[in-house]
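Quick look at coords_21.tsv (TSV, C-alpha atoms):
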chain	number	residue	atom	x	y	z
A	1	MET	CA	-63.43	30.66	18.36
A	2	PRO	CA	-60.03	31.79	19.70
A	3	ALA	CA	-56.84	29.83	19.38
A	4	ILE	CA	-56.66	27.03	21.94
A	5	SER	CA	-53.31	28.29	23.22
A	6	SER	CA	-50.58	30.70	22.22
A	7	SER	CA	-48.88	27.83	20.37
A	8	TYR	CA	-51.90	26.91	18.24
A	9	ARG	CA	-54.07	28.57	15.65
A	10	LEU	CA	-57.49	27.09	14.89
A	11	TYR	CA	-59.01	28.50	11.74
A	12	MET	CA	-62.73	29.25	11.54
A	13	PRO	CA	-65.04	30.55	8.76
A	14	GLU	CA	-64.41	34.21	9.50
A	15	ASP	CA	-60.70	33.62	8.90
A	16	ALA	CA	-61.17	32.23	5.39
A	17	VAL	CA	-61.30	35.49	3.46
A	18	LYS	CA	-58.70	37.48	5.36
A	19	THR	CA	-56.27	34.56	5.57
A	20	TYR	CA	-56.62	33.07	2.12
A	21	PHE	CA	-57.00	35.85	-0.42
A	22	TYR	CA	-53.41	36.97	-0.72
A	23	LYS	CA	-50.37	35.77	-2.60
A	24	SER	CA	-47.95	34.61	0.09
A	25	LYS	CA	-44.20	34.18	-0.02
A	26	HIS	CA	-44.87	30.43	-0.04
A	27	ASN	CA	-46.60	30.70	-3.44
A	28	ASP	CA	-50.04	29.64	-2.25
A	29	ARG	CA	-52.56	29.73	-5.06
A	30	THR	CA	-54.97	32.57	-5.60
A	31	HIS	CA	-58.67	31.85	-5.49
A	32	ASN	CA	-58.85	31.66	-9.30
A	33	GLU	CA	-55.98	29.20	-9.44
A	34	TYR	CA	-57.69	27.05	-6.84
A	35	MET	CA	-60.91	26.97	-8.84
A	36	LYS	CA	-58.89	26.00	-11.92
A	37	CYS	CA	-57.42	23.08	-9.97
A	38	LYS	CA	-60.90	21.95	-9.00
A	39	ASP	CA	-62.02	22.15	-12.63
A	40	GLN	CA	-59.20	19.79	-13.58
A	41	MET	CA	-60.13	17.11	-11.06
A	42	VAL	CA	-60.89	13.65	-12.40
A	43	LEU	CA	-64.22	12.37	-11.05
A	44	THR	CA	-64.70	8.61	-10.85
A	45	LYS	CA	-67.87	6.72	-9.98
A	46	THR	CA	-67.18	4.16	-7.27
A	47	HIS	CA	-68.72	2.73	-4.09
A	48	ASN	CA	-68.24	3.70	-0.48
A	49	ARG	CA	-67.65	1.23	2.33
A	50	GLN	CA	-71.34	0.50	2.59
A	51	GLY	CA	-71.50	-0.41	-1.10
A	52	LYS	CA	-73.44	2.73	-2.02
A	53	SER	CA	-72.64	4.55	-5.25
A	54	CYS	CA	-70.58	7.73	-4.87
A	55	VAL	CA	-68.12	9.91	-6.76
A	56	LYS	CA	-64.47	10.33	-5.72
A	57	ALA	CA	-62.06	12.95	-7.01
A	58	THR	CA	-58.42	12.57	-8.00
A	59	HIS	CA	-55.90	14.96	-9.53
A	60	TYR	CA	-52.85	13.93	-11.50
A	61	SER	CA	-50.60	16.89	-10.77
A	62	GLU	CA	-51.92	19.51	-8.36
A	63	MET	CA	-51.45	19.47	-4.61
A	64	ILE	CA	-53.83	21.03	-2.07
A	65	SER	CA	-52.35	23.86	0.00
A	66	PHE	CA	-53.16	24.44	3.65
A	67	ASP	CA	-54.74	27.75	2.66
A	68	MET	CA	-57.14	25.82	0.44
A	69	ALA	CA	-58.24	23.98	3.55
A	70	ILE	CA	-58.89	27.33	5.22
A	71	LEU	CA	-60.88	28.42	2.18
A	72	SER	CA	-63.07	25.32	2.47
A	73	LEU	CA	-64.40	26.70	5.79
A	74	LYS	CA	-65.72	29.88	4.20
A	75	ASP	CA	-69.33	28.70	3.71
A	76	ALA	CA	-69.27	25.76	6.12
A	77	LYS	CA	-72.34	25.05	8.22
A	78	ARG	CA	-72.35	23.44	11.66
A	79	ASP	CA	-73.75	20.12	12.78
A	80	ALA	CA	-75.77	19.55	15.95
A	81	LYS	CA	-72.53	19.46	17.97
A	82	GLY	CA	-71.35	22.80	16.58
A	83	ARG	CA	-68.68	21.22	14.38
A	84	LEU	CA	-68.01	22.61	10.92
A	85	ILE	CA	-69.25	20.44	8.04
A	86	VAL	CA	-67.09	20.62	4.91
A	87	ASP	CA	-68.18	19.24	1.55
A	88	GLY	CA	-65.76	16.59	0.31
A	89	SER	CA	-65.79	18.13	-3.17
A	90	HIS	CA	-63.28	20.70	-1.90
A	91	PHE	CA	-60.55	18.05	-1.81
A	92	TRP	CA	-59.03	15.30	-3.91
A	93	ARG	CA	-56.58	12.42	-3.60
A	94	SER	CA	-53.67	11.44	-5.80
A	95	PRO	CA	-54.45	8.55	-8.16
A	96	GLU	CA	-52.08	6.34	-6.16
A	97	VAL	CA	-53.80	6.99	-2.84
A	98	GLU	CA	-57.24	6.60	-4.41
A	99	ALA	CA	-56.18	3.23	-5.86
A	100	LEU	CA	-55.02	2.16	-2.39
A	101	ARG	CA	-58.35	3.24	-0.89
A	102	VAL	CA	-60.30	1.19	-3.42
A	103	SER	CA	-58.02	-1.81	-2.87
A	104	ASP	CA	-58.47	-1.60	0.91
A	105	TYR	CA	-62.25	-1.43	0.54
A	106	GLU	CA	-62.27	-4.52	-1.64
A	107	ALA	CA	-60.07	-6.40	0.81
A	108	ASP	CA	-62.44	-5.49	3.65
A	109	LYS	CA	-65.37	-6.95	1.74
A	110	GLU	CA	-63.62	-10.32	1.60
A	111	THR	CA	-62.95	-10.58	5.31
A	112	TYR	CA	-65.18	-8.24	7.34
A	113	SER	CA	-68.86	-7.46	7.52
A	114	SER	CA	-67.85	-3.82	7.01
A	115	THR	CA	-64.82	-1.55	7.19
A	116	ALA	CA	-66.20	-0.22	10.47
A	117	ASP	CA	-65.88	-3.76	11.87
A	118	ARG	CA	-62.22	-3.93	10.84
A	119	LEU	CA	-61.47	-0.57	12.42
A	120	HIS	CA	-63.22	-1.51	15.66
A	121	ILE	CA	-61.13	-4.69	15.83
A	122	GLU	CA	-57.72	-3.50	14.62
A	123	SER	CA	-57.67	0.02	16.01
A	124	PHE	CA	-60.12	0.03	18.92
A	125	GLY	CA	-59.62	-3.43	20.42
A	126	TRP	CA	-63.14	-4.84	20.00
A	127	ASN	CA	-63.64	-8.61	19.88
A	128	ALA	CA	-63.65	-10.37	16.49
A	129	VAL	CA	-66.51	-12.81	15.90
A	130	LYS	CA	-66.83	-14.80	12.69
A	131	GLY	CA	-70.39	-15.14	11.39
A	132	LYS	CA	-72.08	-17.93	9.46
A	133	ASP	CA	-71.20	-16.15	6.22
A	134	GLY	CA	-67.52	-16.45	7.12
A	135	LYS	CA	-67.06	-12.72	7.59
A	136	THR	CA	-65.78	-11.13	10.77
A	137	THR	CA	-67.87	-8.75	12.86
A	138	ALA	CA	-66.68	-6.52	15.70
A	139	VAL	CA	-68.34	-7.07	19.07
A	140	ARG	CA	-67.84	-4.65	21.92
A	141	GLY	CA	-66.45	-6.32	25.03
A	142	LYS	CA	-68.41	-6.22	28.27
A	143	ASN	CA	-65.86	-3.95	29.91
A	144	ALA	CA	-65.19	-1.77	26.87
A	145	THR	CA	-65.64	1.95	27.28
A	146	ARG	CA	-66.03	4.73	24.77
A	147	GLU	CA	-62.66	5.79	23.41
A	148	ILE	CA	-61.40	8.74	21.43
A	149	VAL	CA	-58.75	7.49	19.03
A	150	TRP	CA	-56.28	9.64	17.06
A	151	MET	CA	-54.45	8.35	13.98
A	152	LYS	CA	-52.84	9.38	10.69
A	153	ASN	CA	-55.19	9.31	7.73
A	154	LYS	CA	-54.07	6.36	5.59
A	155	HIS	CA	-56.01	7.66	2.58
A	156	THR	CA	-54.93	11.27	2.91
A	157	TYR	CA	-55.94	14.01	0.52
A	158	ALA	CA	-53.26	15.32	-1.85
A	159	TRP	CA	-51.71	17.88	0.47
A	160	GLU	CA	-48.66	19.94	-0.34
A	161	ASP	CA	-45.40	19.11	1.45
A	162	GLY	CA	-45.37	19.95	5.14
A	163	VAL	CA	-49.10	19.38	5.71
A	164	GLU	CA	-50.22	16.43	7.87
A	165	HIS	CA	-53.66	14.81	7.87
A	166	PHE	CA	-55.08	13.07	10.95
A	167	VAL	CA	-58.42	11.49	11.85
A	168	CYS	CA	-59.94	11.56	15.33
A	169	TRP	CA	-62.53	8.83	15.99
A	170	SER	CA	-65.15	8.23	18.66
A	171	THR	CA	-65.36	4.44	18.96
A	172	ASP	CA	-68.87	4.23	20.37
A	173	GLY	CA	-71.70	6.30	21.78
A	174	PRO	CA	-72.37	9.97	21.12
A	175	ALA	CA	-70.58	11.97	18.45
A	176	LEU	CA	-67.53	13.95	19.51
A	177	SER	CA	-68.51	17.19	21.19
A	178	LEU	CA	-66.86	20.49	20.28
A	179	ASN	CA	-64.82	20.42	23.49
A	180	GLU	CA	-63.74	16.80	22.90
A	181	CYS	CA	-62.52	17.71	19.43
A	182	ILE	CA	-60.48	20.65	20.70
A	183	ASN	CA	-59.11	18.63	23.63
A	184	ALA	CA	-57.98	15.88	21.24
A	185	ILE	CA	-56.17	18.46	19.12
A	186	GLN	CA	-54.49	19.92	22.21
A	187	GLU	CA	-53.32	16.48	23.29
A	188	ASN	CA	-52.05	15.26	19.92
A	189	VAL	CA	-50.81	18.26	17.92
A	190	GLY	CA	-47.43	19.65	18.86
A	191	PRO	CA	-46.65	23.30	19.62
A	192	ASP	CA	-46.34	26.07	17.03
A	193	LYS	CA	-48.88	24.53	14.66
A	194	GLU	CA	-51.79	25.79	12.59
A	195	VAL	CA	-54.87	23.58	12.50
A	196	VAL	CA	-57.92	23.25	10.28
A	197	TRP	CA	-60.45	20.68	11.43
A	198	PHE	CA	-63.92	19.68	10.31
A	199	THR	CA	-66.30	16.78	9.84
A	200	ASN	CA	-67.34	15.55	6.41
A	201	SER	CA	-70.97	15.60	5.40
A	202	MET	CA	-72.63	12.19	5.85
A	203	LYS	CA	-72.74	11.61	2.09
A	204	ASN	CA	-68.97	12.09	1.90
A	205	ARG	CA	-67.96	9.97	4.90
A	206	SER	CA	-66.09	6.80	4.00
A	207	VAL	CA	-67.00	5.30	7.39
A	208	PRO	CA	-70.33	6.84	8.47
A	209	ASP	CA	-70.78	4.15	11.13
A	210	ILE	CA	-68.02	5.65	13.30
A	211	ASP	CA	-68.07	9.34	14.19
A	212	HIS	CA	-64.86	11.14	13.27
A	213	ILE	CA	-63.32	14.46	12.34
A	214	GLN	CA	-60.57	15.41	9.88
A	215	VAL	CA	-57.63	17.37	11.30
A	216	ILE	CA	-55.21	19.18	8.97
A	217	VAL	CA	-51.95	20.49	10.46
A	218	ARG	CA	-48.92	22.49	9.36
A	219	PRO	CA	-46.13	24.39	11.16
A	220	SER	CA	-47.09	27.97	12.02
A	221	ILE	CA	-46.35	30.49	9.29
A	222	PRO	CA	-46.63	34.21	10.16
A	223	LEU	CA	-49.23	36.09	8.11
A	224	PRO	CA	-47.89	38.99	6.06
Serialized structure, structure tokens:
Amino acid sequence: MPAISSSYRLYMPEDAVKTYFYKSKHNDRTHNEYMKCKDQMVLTKTHNRQGKSCVKATHYSEMISFDMAILSLKDAKRDAKGRLIVDGSHFWRSPEVEALRVSDYEADKETYSSTADRLHIESFGWNAVKGKDGKTTAVRGKNATREIVWMKNKHTYAWEDGVEHFVCWSTDGPALSLNECINAIQENVGPDKEVVWFTNSMKNRSVPDIDHIQVIVRPSIPLP
């Protein structure tokens, strides 16, 4: 897929080898160094927002470079919408961010029927209805329409300095189409940026009830 304008660069699988496997002036890691970082990840058994058992990765010292995000696309498959699916094992969070994620999940359990309900209420404007169990459920208003919502990722992966991590959500109805994803990036990412975007596999999605994509952004850096 070509860049969406002269001010953007969208990376795709065919870019992974030619873009990643060099030692840049910004000291990006080689492939072997990246694999060493992955080997040093700390894997912790925990639960996702639906209470299902899963494994989350943290790393105590290493940051993830933007080029690592490009590398993650190398063997990516596409979903029914044509969007790239990236395995969450490519990435990790800092221990501090992972602790915040776990704390937020636990807080949601006390108040909401699910984290998806909290997001629909706080971020998408759905009505809050308290059930007999005392927990709050999101109810779509009669006049509510499907929205595409863009926001910073609160539980961001451990990116190197200068890399930003956003999430683009579809609040209801069909999953985001390929064109909707690209349009959202055009509308929300400033000029002279490089962008990697993908959707997590279902087993790695923290909020599988709401369709969303991950969008990773950095300022444009000329290739050598």
Quiz item: Between atom CA of A:Met68 and atom CA of A:Glu187, what is the distance, to one decimal in Å?
Solution: 25.0 Å
Quiz prompt | Selection near A:Trp159, 7 Å with only C-alpha atoms, sequence-local residues under 6 positions removed, as JSON, numbers by chain | solution = {"A": [63, 64, 65]}
Quiz prompt | A:Val97, A:Ala144, A:Ala80, A:Leu73 ranked by distance to A:Asp172, top pick (using all atoms listed in the file) | solution =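 Nearest candidate to A:Asp172 out of A:Val97, A:Ala144, A:Ala80, A:Leu73: A:Ala144.
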Practice problem: Provide the atom CA of A:Asp108 to atom CA of A:Lys132 distance in Å, to one decimal place. | Solution: 16.8 Å
Self-check item: Long-range neighbours of A:Leu176 as a ChimeraX atom specification, 12 Å cut-off, all atoms listed in the file, 2 positions minimum in chain
Solution: /A:79-83,146-149,168-174,178-184,198-199,210-214
Quiz item: Which value, in Å to one decimal, gives the distance between atom CA of A:Ser113 and atom CA of A:Thr136?
Solution: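 Going from atom CA of A:Ser113 over to atom CA of A:Thr136 covers 5.8 Å.
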Practice problem: May I have the residues at most 12 Å from (-51.1, 14.3, 9.0) in the file's coordinates, counting all atoms listed in the file, as a ChimeraX atom specification? | Solution: /A:66,150-168,188-190,193,195-197,214-219
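When the distance limit is 10 Å and all atoms listed in the file are what count, the residues near A:Lys130, minus those fewer than 4 positions from it on the same chain, are A:Thr111, A:Tyr112, A:Ser113, A:Gly134, A:Lys135, A:Thr136, A:Thr137, A:Ala138.
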Exercise. Considering only C-alpha atoms, return as an NGL selection string whatever protein or nucleic-acid residues lie within 10 Å of A:Met202, sequence-local ones (same chain, fewer than 5 positions apart) excluded.
Key: :A and (85 or 87-88 or 207-209 or 211)
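Candidate residues A:His120, A:Arg101, A:Asn200, A:Ser220 were compared for distance to A:Leu84, and the nearest is A:Asn200, using all atoms listed in the file.
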